[in-house]
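> Sharing run-v4.txt below, compact mmCIF, C-alpha atoms and all ligand atoms:
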```
# COMPACT_ATOMS: atom_id res chain seq x y z
CA MET A 1 -93.66 -41.46 66.52
CA THR A 2 -91.76 -44.45 65.25
CA PHE A 3 -89.90 -44.80 61.95
CA LYS A 4 -88.59 -47.75 59.96
CA ALA A 5 -84.89 -48.65 59.88
CA LEU A 6 -82.73 -51.52 58.69
CA LEU A 7 -80.91 -52.20 61.93
CA LEU A 8 -77.66 -54.19 61.98
CA THR A 9 -76.83 -56.15 65.10
CA CYS A 10 -73.75 -58.26 65.61
CA GLU A 11 -72.43 -60.55 68.31
CA ASP A 12 -68.88 -61.79 68.87
CA ASP A 13 -67.43 -60.61 65.53
CA ALA A 14 -69.95 -62.75 63.63
CA LYS A 15 -71.54 -61.46 60.41
CA PRO A 16 -74.06 -58.71 61.23
CA VAL A 17 -77.75 -59.55 61.11
CA ALA A 18 -80.04 -57.03 59.38
CA SER A 19 -83.65 -56.62 60.51
CA LEU A 20 -86.39 -54.16 59.63
CA THR A 21 -87.15 -52.46 62.93
CA GLU A 22 -89.31 -49.61 64.25
CA LEU A 23 -87.20 -47.00 66.10
CA THR A 24 -87.92 -43.65 67.77
CA ASP A 25 -85.98 -40.34 67.72
CA ALA A 26 -84.54 -41.27 71.13
CA ASP A 27 -82.62 -44.10 69.39
CA LEU A 28 -80.86 -41.71 66.98
CA PRO A 29 -77.32 -40.37 67.50
CA ASP A 30 -76.94 -36.83 68.80
CA GLY A 31 -76.66 -34.69 65.64
CA ASP A 32 -77.56 -31.06 64.86
CA VAL A 33 -80.16 -31.78 62.18
CA ILE A 34 -82.91 -34.42 61.98
CA VAL A 35 -83.65 -35.46 58.40
CA ASP A 36 -86.66 -37.36 57.08
CA VAL A 37 -84.85 -39.56 54.59
CA THR A 38 -86.70 -40.10 51.30
CA TYR A 39 -83.96 -41.81 49.26
CA SER A 40 -80.63 -43.47 49.91
CA GLY A 41 -78.35 -45.30 47.50
CA LEU A 42 -76.37 -48.52 47.25
CA ASN A 43 -72.59 -48.29 46.98
CA TYR A 44 -69.88 -50.93 47.17
CA LYS A 45 -69.02 -49.71 50.67
CA ASP A 46 -72.65 -50.28 51.76
CA GLY A 47 -72.25 -53.91 50.68
CA MET A 48 -69.15 -54.10 52.91
CA CYS A 49 -70.95 -52.49 55.90
CA LEU A 50 -74.00 -54.74 55.54
CA ASN A 51 -71.68 -57.75 55.59
CA GLY A 52 -69.36 -56.57 58.38
CA LEU A 53 -66.32 -56.37 56.07
CA GLY A 54 -63.22 -54.17 56.22
CA ARG A 55 -63.82 -53.21 59.87
CA LEU A 56 -65.75 -50.17 58.60
CA VAL A 57 -68.45 -50.54 61.27
CA ARG A 58 -67.02 -50.88 64.78
CA ALA A 59 -70.12 -50.45 66.98
CA TYR A 60 -73.54 -52.12 66.95
CA PRO A 61 -76.50 -51.76 66.73
CA HIS A 62 -75.87 -49.76 63.55
CA VAL A 63 -77.73 -48.21 60.63
CA ALA A 64 -75.67 -48.36 57.41
CA GLY A 65 -76.13 -46.24 54.28
CA ILE A 66 -73.31 -43.88 53.25
CA ASP A 67 -75.63 -41.59 51.22
CA MET A 68 -78.97 -39.96 52.00
CA ALA A 69 -81.37 -37.36 50.64
CA GLY A 70 -84.41 -35.98 52.40
CA ILE A 71 -86.17 -33.12 54.08
CA VAL A 72 -85.07 -31.38 57.28
CA ARG A 73 -87.51 -32.15 60.09
CA ASP A 74 -85.79 -30.23 62.86
CA SER A 75 -82.54 -28.28 63.11
CA ASN A 76 -80.34 -26.76 65.83
CA ASP A 77 -78.11 -25.16 63.20
CA ASP A 78 -78.80 -21.77 61.56
CA ARG A 79 -77.85 -23.04 58.11
CA TYR A 80 -80.84 -25.43 57.90
CA LYS A 81 -84.53 -25.16 58.79
CA ALA A 82 -87.52 -27.54 58.70
CA GLY A 83 -88.61 -28.20 55.12
CA ASP A 84 -85.17 -27.73 53.47
CA GLU A 85 -84.21 -30.40 50.93
CA VAL A 86 -80.74 -31.75 51.70
CA ILE A 87 -78.25 -34.44 50.70
CA LEU A 88 -75.35 -36.12 52.44
CA THR A 89 -72.61 -38.29 50.95
CA GLY A 90 -69.56 -39.64 52.73
CA TRP A 91 -68.03 -38.16 55.92
CA ARG A 92 -67.96 -41.79 57.19
CA VAL A 93 -71.71 -41.61 57.80
CA GLY A 94 -73.10 -45.15 57.52
CA GLU A 95 -69.75 -46.42 58.87
CA VAL A 96 -68.98 -44.69 62.19
CA TRP A 97 -72.28 -42.75 62.38
CA TRP A 98 -75.81 -43.97 61.65
CA GLY A 99 -76.61 -43.55 57.97
CA GLY A 100 -79.34 -43.46 55.35
CA PHE A 101 -80.90 -46.92 55.56
CA ALA A 102 -83.74 -45.58 57.76
CA GLU A 103 -86.65 -43.20 57.36
CA ARG A 104 -84.99 -40.74 59.75
CA ALA A 105 -81.40 -39.67 60.48
CA SER A 106 -79.71 -37.29 62.89
CA VAL A 107 -76.49 -35.79 61.45
CA LYS A 108 -74.01 -32.94 61.81
CA ALA A 109 -74.95 -29.83 59.85
CA ASP A 110 -71.38 -29.62 58.50
CA TRP A 111 -71.96 -32.85 56.53
CA LEU A 112 -75.08 -31.66 54.72
CA LEU A 113 -75.43 -29.85 51.42
CA PRO A 114 -78.58 -28.15 50.17
CA MET A 115 -80.12 -30.20 47.33
CA PRO A 116 -77.91 -29.37 44.33
CA GLU A 117 -79.67 -27.48 41.54
CA GLY A 118 -80.98 -29.75 38.79
CA PHE A 119 -81.46 -32.82 41.02
CA THR A 120 -84.33 -34.49 42.88
CA ALA A 121 -83.84 -36.68 45.95
CA LYS A 122 -84.00 -39.73 43.65
CA THR A 123 -81.57 -38.51 40.98
CA ALA A 124 -79.18 -37.11 43.61
CA MET A 125 -79.04 -40.54 45.25
CA ALA A 126 -78.64 -42.24 41.88
CA VAL A 127 -75.56 -40.04 41.52
CA GLY A 128 -74.58 -40.52 45.19
CA THR A 129 -71.06 -41.30 46.27
CA ALA A 130 -70.48 -43.24 43.04
CA GLY A 131 -71.30 -40.29 40.79
CA VAL A 132 -69.50 -37.74 42.94
CA THR A 133 -66.42 -39.96 42.79
CA ALA A 134 -66.67 -40.44 39.02
CA MET A 135 -66.92 -36.67 38.49
CA GLN A 136 -64.05 -36.03 40.92
CA ALA A 137 -61.89 -38.51 39.00
CA ILE A 138 -62.62 -36.78 35.69
CA MET A 139 -61.91 -33.35 37.18
CA ALA A 140 -58.60 -34.70 38.56
CA LEU A 141 -57.64 -36.02 35.10
CA GLU A 142 -58.55 -32.67 33.55
CA ASP A 143 -56.60 -30.78 36.25
CA ALA A 144 -53.65 -32.98 35.25
CA GLY A 145 -53.96 -31.71 31.67
CA ILE A 146 -55.90 -34.57 30.02
CA THR A 147 -58.18 -33.32 27.23
CA PRO A 148 -60.45 -35.16 24.77
CA ASP A 149 -57.91 -34.75 21.94
CA ALA A 150 -55.17 -36.51 24.00
CA GLY A 151 -56.61 -39.95 23.18
CA PRO A 152 -58.96 -42.54 24.70
CA VAL A 153 -59.66 -42.76 28.43
CA LEU A 154 -60.04 -46.23 29.95
CA VAL A 155 -62.64 -46.99 32.65
CA THR A 156 -62.42 -50.26 34.63
CA GLY A 157 -65.29 -51.93 36.51
CA ALA A 158 -67.29 -50.12 33.86
CA THR A 159 -70.77 -51.56 34.47
CA GLY A 160 -70.56 -50.70 38.20
CA GLY A 161 -71.79 -47.51 39.87
CA VAL A 162 -68.66 -45.36 39.54
CA GLY A 163 -67.76 -46.95 36.21
CA SER A 164 -71.12 -46.54 34.47
CA ILE A 165 -71.40 -42.89 35.52
CA ALA A 166 -67.76 -42.22 34.53
CA VAL A 167 -68.43 -43.68 31.06
CA GLN A 168 -71.44 -41.38 30.56
CA LEU A 169 -69.73 -38.28 31.90
CA LEU A 170 -66.55 -38.79 29.86
CA ALA A 171 -68.51 -39.37 26.66
CA ARG A 172 -70.67 -36.29 27.31
CA ARG A 173 -67.47 -34.23 27.77
CA GLY A 174 -66.23 -35.37 24.37
CA TYR A 175 -63.79 -38.13 25.35
CA GLN A 176 -63.38 -41.38 23.47
CA VAL A 177 -64.12 -43.97 26.18
CA ALA A 178 -62.79 -47.52 26.36
CA ALA A 179 -64.55 -49.61 29.02
CA VAL A 180 -63.33 -52.79 30.73
CA SER A 181 -65.92 -55.22 32.04
CA GLY A 182 -66.07 -58.80 33.24
CA LYS A 183 -69.74 -59.14 32.27
CA PRO A 184 -70.51 -61.07 29.09
CA ASN A 185 -73.31 -58.72 27.97
CA ALA A 186 -71.49 -55.48 28.85
CA ASP A 187 -71.53 -54.11 25.26
CA ALA A 188 -75.30 -53.74 25.24
CA PHE A 189 -75.19 -51.78 28.51
CA LEU A 190 -72.09 -49.65 27.95
CA LYS A 191 -72.26 -48.63 24.29
CA PRO A 192 -75.53 -46.68 24.68
CA LEU A 193 -73.85 -44.83 27.58
CA GLY A 194 -71.09 -43.68 25.22
CA ALA A 195 -68.34 -46.33 25.37
CA SER A 196 -66.75 -46.64 21.94
CA GLU A 197 -64.96 -49.88 22.82
CA VAL A 198 -65.62 -52.58 25.44
CA LEU A 199 -62.67 -54.76 26.48
CA PRO A 200 -63.02 -58.03 28.40
CA ARG A 201 -61.42 -58.24 31.83
CA ASP A 202 -59.17 -61.12 30.76
CA GLU A 203 -57.22 -58.78 28.43
CA PHE A 204 -55.66 -57.45 31.65
CA GLU A 205 -54.20 -60.68 33.03
CA PRO A 206 -50.75 -60.09 34.64
CA ASN A 207 -47.73 -60.17 32.27
CA ASN A 208 -44.95 -58.51 34.34
CA ARG A 209 -43.90 -56.17 31.49
CA PRO A 210 -42.90 -52.70 32.79
CA LEU A 211 -43.97 -51.00 29.54
CA GLU A 212 -46.43 -51.96 26.83
CA SER A 213 -47.74 -50.12 23.77
CA ALA A 214 -49.00 -46.72 24.89
CA ARG A 215 -52.79 -46.69 24.46
CA TRP A 216 -54.57 -44.51 27.03
CA ALA A 217 -54.41 -40.76 27.60
CA GLY A 218 -55.91 -41.43 31.01
CA ALA A 219 -57.75 -44.03 33.04
CA ILE A 220 -60.25 -44.26 35.89
CA ASP A 221 -59.54 -47.43 37.85
CA ASN A 222 -62.17 -48.94 40.14
CA VAL A 223 -60.54 -52.35 40.39
CA GLY A 224 -56.84 -52.18 41.44
CA GLY A 225 -54.59 -55.26 41.49
CA ASP A 226 -53.40 -56.83 38.23
CA MET A 227 -55.75 -54.64 36.17
CA LEU A 228 -54.11 -51.47 37.48
CA SER A 229 -50.61 -52.94 37.07
CA ARG A 230 -51.27 -53.56 33.37
CA ILE A 231 -52.89 -50.15 32.83
CA LEU A 232 -49.89 -48.28 34.28
CA ALA A 233 -47.70 -49.92 31.64
CA GLN A 234 -50.12 -48.84 28.87
CA VAL A 235 -50.65 -45.14 29.68
CA LYS A 236 -49.39 -42.70 27.03
CA TYR A 237 -46.64 -40.16 27.61
CA GLY A 238 -47.79 -37.53 30.16
CA GLY A 239 -51.00 -39.43 30.95
CA ALA A 240 -52.61 -40.06 34.33
CA VAL A 241 -54.61 -42.73 36.15
CA ALA A 242 -57.25 -41.74 38.72
CA ILE A 243 -57.09 -44.35 41.50
CA VAL A 244 -60.64 -44.82 42.73
CA GLY A 245 -61.34 -48.34 43.93
CA ASN A 246 -60.25 -51.79 44.96
CA ALA A 247 -63.15 -53.96 43.74
CA GLY A 248 -60.51 -56.50 42.61
CA SER A 249 -57.64 -55.97 45.04
CA ASN A 250 -55.68 -53.45 47.12
CA ASP A 251 -52.36 -54.62 45.68
CA ILE A 252 -50.46 -53.13 42.78
CA LYS A 253 -47.37 -54.68 41.28
CA THR A 254 -45.56 -52.13 39.17
CA THR A 255 -42.13 -50.59 38.51
CA ASN A 256 -40.97 -46.98 38.39
CA VAL A 257 -40.35 -47.31 34.63
CA PRO A 258 -43.62 -45.84 33.26
CA PHE A 259 -43.31 -42.94 35.71
CA MET A 260 -39.71 -42.15 34.66
CA LEU A 261 -39.90 -42.89 30.93
CA ARG A 262 -43.42 -41.67 30.19
CA GLY A 263 -43.91 -39.09 32.96
CA ILE A 264 -47.25 -40.62 33.95
CA SER A 265 -49.05 -39.88 37.24
CA MET A 266 -51.30 -41.69 39.66
CA LEU A 267 -54.00 -39.41 41.08
CA GLY A 268 -55.56 -40.48 44.40
CA ILE A 269 -59.32 -39.92 44.61
CA ASP A 270 -61.16 -39.68 47.94
CA SER A 271 -64.82 -38.72 47.99
CA VAL A 272 -65.42 -39.25 51.71
CA MET A 273 -63.60 -36.38 53.44
CA GLN A 274 -63.36 -33.80 50.65
CA PRO A 275 -64.39 -30.29 51.75
CA ASN A 276 -67.90 -29.01 50.99
CA GLU A 277 -66.64 -26.29 48.60
CA ARG A 278 -65.13 -28.95 46.39
CA ARG A 279 -68.29 -31.09 46.65
CA GLN A 280 -70.39 -28.16 45.44
CA ALA A 281 -68.08 -27.67 42.47
CA VAL A 282 -68.39 -31.40 41.69
CA TRP A 283 -72.23 -31.30 41.85
CA ALA A 284 -72.28 -28.24 39.56
CA GLU A 285 -70.18 -30.14 36.98
CA LEU A 286 -72.47 -33.17 37.35
CA ALA A 287 -75.55 -31.02 36.68
CA LYS A 288 -73.87 -29.55 33.58
CA THR A 289 -72.62 -32.84 32.19
CA LEU A 290 -75.18 -35.62 32.90
CA ASP A 291 -77.92 -36.29 30.37
CA ALA A 292 -81.10 -36.86 32.40
CA ASP A 293 -82.70 -39.42 30.02
CA GLN A 294 -79.52 -41.42 29.54
CA PHE A 295 -78.89 -41.38 33.29
CA ALA A 296 -82.45 -42.57 34.02
CA SER A 297 -81.70 -45.72 32.01
CA VAL A 298 -79.15 -46.96 34.58
CA ILE A 299 -81.26 -46.37 37.73
CA SER A 300 -83.16 -49.16 39.57
CA SER A 301 -85.13 -48.76 42.81
CA ILE A 302 -85.26 -51.11 45.79
CA SER A 303 -86.76 -51.05 49.31
CA LEU A 304 -85.02 -51.25 52.70
CA ALA A 305 -86.04 -54.90 52.88
CA ASP A 306 -84.19 -55.66 49.61
CA LEU A 307 -80.88 -54.32 50.92
CA PRO A 308 -79.35 -57.50 52.42
CA GLU A 309 -79.76 -59.28 49.05
CA TYR A 310 -78.45 -56.29 47.07
CA GLY A 311 -75.54 -55.81 49.49
CA ASN A 312 -74.36 -59.30 48.52
CA LYS A 313 -74.96 -58.65 44.84
CA ILE A 314 -72.82 -55.51 44.77
CA LEU A 315 -69.94 -57.30 46.52
CA ASN A 316 -70.13 -60.07 43.93
CA GLY A 317 -70.03 -57.58 41.02
CA ASN A 318 -73.58 -58.54 40.03
CA ILE A 319 -75.09 -55.08 39.76
CA SER A 320 -75.07 -52.83 36.70
CA GLY A 321 -75.60 -49.08 37.00
CA ARG A 322 -77.04 -47.41 40.07
CA THR A 323 -79.49 -48.72 42.66
CA VAL A 324 -81.43 -46.26 44.82
CA VAL A 325 -83.24 -47.12 48.03
CA ASP A 326 -86.74 -45.61 47.99
CA LEU A 327 -87.84 -45.21 51.62
CA SER A 328 -91.51 -45.05 50.58
CA LEU A 329 -91.45 -48.65 49.26
N1 LIG A 401 -62.18 -43.43 46.40
C1 LIG A 401 -63.45 -43.20 46.75
O1 LIG A 401 -63.80 -42.19 47.38
C2 LIG A 401 -64.48 -44.20 46.33
C3 LIG A 401 -65.82 -43.82 46.19
C4 LIG A 401 -66.75 -44.76 45.71
C5 LIG A 401 -66.32 -46.06 45.43
N2 LIG A 401 -65.03 -46.40 45.65
C6 LIG A 401 -64.55 -47.75 45.34
O2 LIG A 401 -64.63 -47.89 43.92
C7 LIG A 401 -64.95 -49.24 43.58
C8 LIG A 401 -66.22 -49.26 42.73
O3 LIG A 401 -67.33 -48.82 43.52
P1 LIG A 401 -68.82 -48.97 42.96
O4 LIG A 401 -69.72 -48.37 43.98
O5 LIG A 401 -68.84 -48.52 41.55
O6 LIG A 401 -68.96 -50.55 43.01
P2 LIG A 401 -69.76 -51.51 42.00
O7 LIG A 401 -71.02 -50.86 41.55
O8 LIG A 401 -69.81 -52.83 42.67
O9 LIG A 401 -68.79 -51.62 40.75
C9 LIG A 401 -67.56 -52.32 40.80
C10 LIG A 401 -67.34 -53.00 39.46
O10 LIG A 401 -66.01 -53.53 39.44
C11 LIG A 401 -65.98 -54.73 38.69
N3 LIG A 401 -65.45 -55.80 39.54
C12 LIG A 401 -66.03 -56.31 40.66
N4 LIG A 401 -65.25 -57.28 41.20
C13 LIG A 401 -64.16 -57.35 40.40
C14 LIG A 401 -62.98 -58.16 40.43
N5 LIG A 401 -62.78 -59.09 41.38
N6 LIG A 401 -62.06 -57.98 39.46
C15 LIG A 401 -62.26 -57.05 38.50
N7 LIG A 401 -63.35 -56.27 38.40
C16 LIG A 401 -64.28 -56.42 39.36
C17 LIG A 401 -67.41 -55.00 38.24
O11 LIG A 401 -67.58 -54.38 36.96
P3 LIG A 401 -67.57 -55.22 35.58
O12 LIG A 401 -68.43 -56.41 35.84
O13 LIG A 401 -68.14 -54.28 34.58
O14 LIG A 401 -66.15 -55.59 35.34
C18 LIG A 401 -68.24 -54.22 39.24
O15 LIG A 401 -69.51 -53.90 38.74
C19 LIG A 401 -65.10 -49.99 44.92
O16 LIG A 401 -63.85 -50.57 45.24
C20 LIG A 401 -65.41 -48.87 45.90
O17 LIG A 401 -65.06 -49.20 47.23
C21 LIG A 401 -64.10 -45.50 46.09
```
For this file, produce the structure as structure tokens.
Ligand SMILES: NC(=O)c1ccc[n+]([C@@H]2O[C@H](COP(=O)([O-])OP(=O)(O)OC[C@H]3O[C@@H](n4cnc5c(N)ncnc54)[C@H](OP(=O)(O)O)[C@@H]3O)[C@@H](O)[C@H]2O)c1

Amino acid sequence: MTFKALLLTCEDDAKPVASLTELTDADLPDGDVIVDVTYSGLNYKDGMCLNGLGRLVRAYPHVAGIDMAGIVRDSNDDRYKAGDEVILTGWRVGEVWWGGFAERASVKADWLLPMPEGFTAKTAMAVGTAGVTAMQAIMALEDAGITPDAGPVLVTGATGGVGSIAVQLLARRGYQVAAVSGKPNADAFLKPLGASEVLPRDEFEPNNRPLESARWAGAIDNVGGDMLSRILAQVKYGGAVAIVGNAGSNDIKTTNVPFMLRGISMLGIDSVMQPNERRQAVWAELAKTLDADQFASVISSISLADLPEYGNKILNGNISGRTVVDLSL
């Protein structure tokens, strides 16, 4: 029986071409578990894979999609049986292994998790890598001693996937949240999610000052570059910045001064290779913290056929909130 997939082909290092194609199980990679995918999600990295950027995808033809949720169809692993609801985020699936932009996937059992309690395939994919990363970043700040009474926490790239979920989660955990966005109408989107203050991106133009007035107890940075350089100079004594993304740049220009004089820390966040025990702890915190109605307000659904357009949109910073791919559309 055939199934539908968004197949990427590429010749001579040109930009990959995406086409909706019918495949069979014989086309799938050799995993332990076959999953009927019901939902996937759109992350910044999916935009990169769909456009052949960052050398994330090295072999074609390829199926992208770093997240998937679905139902086990067949399993060679004792931990999973036909009918189980499962999710998968990260593990370089969608980059070096065929991912979730297809109605069927064949994956390693070690990469799967049973559907976390409190989530459906759709809401789990709306959380996806973006939400797991946002929760991880908050847990890292809290492990570093940041508490709601320490002062405001800054979130950059705030209308994006990681940013918009981080804003909601921080506010729900009692933090005062300041959000940075380049979008002109960001207030209307971010304040209902719990941001108490929305700052325009241009407040973070480079100024080369090693220290500025101390403003933030902590920060979650999705942007990097000049934005991160400015934030490091503004973090309060003993504060920390969770380093999540590079939507602006990979570069940071800073000095050792805020680290020596204010004892601040940079906390590296990786969602891709973290062990399953940690992932389960992250999903349990997500279930406890997210407000279902508020979260529903940031979710939009698209089909496989919409992905090439949306892959470009996410790279251009033109998406707010979370976009799920509904495989039934
Ligand atoms: N470490 C990890 O494990 C991990 C996991 C997931 C994602 N990430 C990374 O985290 C970042 C955010 O991911 P995402 O899925 O949330 O992407 P996203 O939905 O595209 O959000 C990124 C946001 O950053 C802002 N932005 C975009 N281009 C910018 C620029 N040139 N300068 C300044 N701000 C810019 C935009 O927000 P505003 O318009 O509101 O400013 C945009 O919505 C990406 O770099 C992604 O690769 C890392």
> Report the distance between CA of Ile243 (chain A) and CA of Ile220 (chain A) in Å, rounded to one decimal place.
6.4 Å
> Neighbours of ligand LIG 401 (chain A) at 7 Å or closer, counting all atoms listed in the file: which residues, as a PyMOL selection string?
chain A and resi 43-45+129-130+133+156-163+180-183+186+201+222-223+244-248+269-272+314-321
> Using all atoms listed in the file, which of A:Cys49, A:Leu154, A:Met135, A:Ala59 sits nearest Gly94 (chain A)?
A:Cys49
> Of the candidates A:Met1, A:Leu169, A:Ala105, A:Leu42, which shows the shortest atom-to-atom distance to Lys288 (chain A), using all atoms listed in the file?
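Of all the options, A:Leu169 lies closest to Lys288 (chain A).
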> Compare A:Asp84, A:Thr289, A:Gly100, A:Val155 by their minimum atom-to-atom distance to Met115 (chain A), counting all atoms listed in the file, and give me the closest one.
A:Asp84
> Closest to Lys253 (chain A) among A:Ala240, A:Met266, A:Ala214, A:Met227, using all atoms listed in the file?
A:Met227
> Give me, please, the distance in Å between CA of Ala5 (chain A) and CA of Ala26 (chain A), quoted to one decimal.
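Calculated distance between CA of Ala5 (chain A) and CA of Ala26 (chain A) is 13.5 Å.
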> Write out as a PyMOL selection string each polymer residue whose atoms come within 6 Å of region 6-23 of chain A, counting only C-alpha atoms; drop sequence neighbours fewer than 2 positions from it.
chain A and resi 2-4+52+60-63+101
> Name the residues in contact with Asp187 (chain A) at a cut-off of 10 Å, using all atoms listed in the file, excluding same-chain residues fewer than 4 positions from it; report them as a ChimeraX atom specification.
/A:159,179-181,183,191-193,195-200
> What does the file look like for those residues with C-alpha atoms, as a PDB file, in the coordinates of the input?

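Final output, saved to out.pdb:
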```pdb
ATOM      1  CA  THR A 159     -70.770 -51.560  34.470  1.00  0.00           C
ATOM      2  CA  ALA A 179     -64.550 -49.610  29.020  1.00  0.00           C
ATOM      3  CA  VAL A 180     -63.330 -52.790  30.730  1.00  0.00           C
ATOM      4  CA  SER A 181     -65.920 -55.220  32.040  1.00  0.00           C
ATOM      5  CA  LYS A 183     -69.740 -59.140  32.270  1.00  0.00           C
ATOM      6  CA  LYS A 191     -72.260 -48.630  24.290  1.00  0.00           C
ATOM      7  CA  PRO A 192     -75.530 -46.680  24.680  1.00  0.00           C
ATOM      8  CA  LEU A 193     -73.850 -44.830  27.580  1.00  0.00           C
ATOM      9  CA  ALA A 195     -68.340 -46.330  25.370  1.00  0.00           C
ATOM     10  CA  SER A 196     -66.750 -46.640  21.940  1.00  0.00           C
ATOM     11  CA  GLU A 197     -64.960 -49.880  22.820  1.00  0.00           C
ATOM     12  CA  VAL A 198     -65.620 -52.580  25.440  1.00  0.00           C
ATOM     13  CA  LEU A 199     -62.670 -54.760  26.480  1.00  0.00           C
ATOM     14  CA  PRO A 200     -63.020 -58.030  28.400  1.00  0.00           C
TER      15      PRO A 200
END
```
> Which is closer to Ile138 (chain A) than all the others in A:Glu85, A:Glu277, A:Glu285, A:Asp46, using all atoms listed in the file?
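Looking at the shortest contact to Ile138 (chain A), the residue is A:Glu285.
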> Is it possible to get the residues within 9 Å of (-44.5, -38.1, 29.3) (coordinates as in the file, counting only C-alpha atoms) written as number ranges by chain?
A: 236-239, 258-264
> Grab the CA of Tyr80 (chain A) to CA of Asp36 (chain A) distance for me, in Å with one decimal place.
13.3 Å
> Between A:Ala166, A:Met48, A:Val35, A:Leu88, which one has atoms that come closest to Ala242 (chain A), using only C-alpha atoms?
A:Ala166
> Find the residues near Pro210 (chain A): any atom within 8 Å, counting all atoms listed in the file, skip ones fewer than 6 places away on the same chain, and give them as an NGL selection string.
:A and (233 or 254-255 or 257-258)
> Could you give me the axis-aligned bounding box of region 34-50 of chain A, with 5 Å of padding per side, as centre plus edge lengths in Å to one decimal, as lines of an AutoDock Vina configuration file?

```
center_x = -77.9
center_y = -44.6
center_z = 54.5
size_x = 27.7
size_y = 30.3
size_z = 25.0
```
> As a PDB file, in the coordinates of the input, could you write out region 217-228 of chain A once it has been completed with N, CA and C atoms?

```pdb
ATOM      1  N   ALA A 217     -54.792 -42.091  27.125  1.00  0.00           N
ATOM      2  CA  ALA A 217     -54.410 -40.760  27.600  1.00  0.00           C
ATOM      3  C   ALA A 217     -54.606 -40.691  29.112  1.00  0.00           C
ATOM      4  N   GLY A 218     -55.628 -41.411  29.589  1.00  0.00           N
ATOM      5  CA  GLY A 218     -55.910 -41.430  31.010  1.00  0.00           C
ATOM      6  C   GLY A 218     -56.734 -42.656  31.333  1.00  0.00           C
ATOM      7  N   ALA A 219     -56.919 -42.896  32.623  1.00  0.00           N
ATOM      8  CA  ALA A 219     -57.750 -44.030  33.040  1.00  0.00           C
ATOM      9  C   ALA A 219     -58.391 -43.713  34.378  1.00  0.00           C
ATOM     10  N   ILE A 220     -59.576 -44.317  34.588  1.00  0.00           N
ATOM     11  CA  ILE A 220     -60.250 -44.260  35.890  1.00  0.00           C
ATOM     12  C   ILE A 220     -60.353 -45.704  36.352  1.00  0.00           C
ATOM     13  N   ASP A 221     -59.621 -46.026  37.419  1.00  0.00           N
ATOM     14  CA  ASP A 221     -59.540 -47.430  37.850  1.00  0.00           C
ATOM     15  C   ASP A 221     -60.329 -47.689  39.126  1.00  0.00           C
ATOM     16  N   ASN A 222     -61.321 -48.555  39.006  1.00  0.00           N
ATOM     17  CA  ASN A 222     -62.170 -48.940  40.140  1.00  0.00           C
ATOM     18  C   ASN A 222     -61.795 -50.299  40.710  1.00  0.00           C
ATOM     19  N   VAL A 223     -60.764 -50.919  40.150  1.00  0.00           N
ATOM     20  CA  VAL A 223     -60.540 -52.350  40.390  1.00  0.00           C
ATOM     21  C   VAL A 223     -59.226 -52.644  41.130  1.00  0.00           C
ATOM     22  N   GLY A 224     -58.139 -51.925  40.799  1.00  0.00           N
ATOM     23  CA  GLY A 224     -56.840 -52.180  41.440  1.00  0.00           C
ATOM     24  C   GLY A 224     -56.215 -53.487  40.981  1.00  0.00           C
ATOM     25  N   GLY A 225     -55.199 -53.954  41.732  1.00  0.00           N
ATOM     26  CA  GLY A 225     -54.590 -55.260  41.490  1.00  0.00           C
ATOM     27  C   GLY A 225     -53.937 -55.366  40.105  1.00  0.00           C
ATOM     28  N   ASP A 226     -54.055 -56.560  39.509  1.00  0.00           N
ATOM     29  CA  ASP A 226     -53.400 -56.830  38.230  1.00  0.00           C
ATOM     30  C   ASP A 226     -53.891 -55.890  37.124  1.00  0.00           C
ATOM     31  N   MET A 227     -55.183 -55.547  37.186  1.00  0.00           N
ATOM     32  CA  MET A 227     -55.750 -54.640  36.170  1.00  0.00           C
ATOM     33  C   MET A 227     -54.987 -53.317  36.175  1.00  0.00           C
ATOM     34  N   LEU A 228     -54.797 -52.762  37.362  1.00  0.00           N
ATOM     35  CA  LEU A 228     -54.110 -51.470  37.480  1.00  0.00           C
ATOM     36  C   LEU A 228     -52.639 -51.614  37.067  1.00  0.00           C
TER      37      LEU A 228
END
```
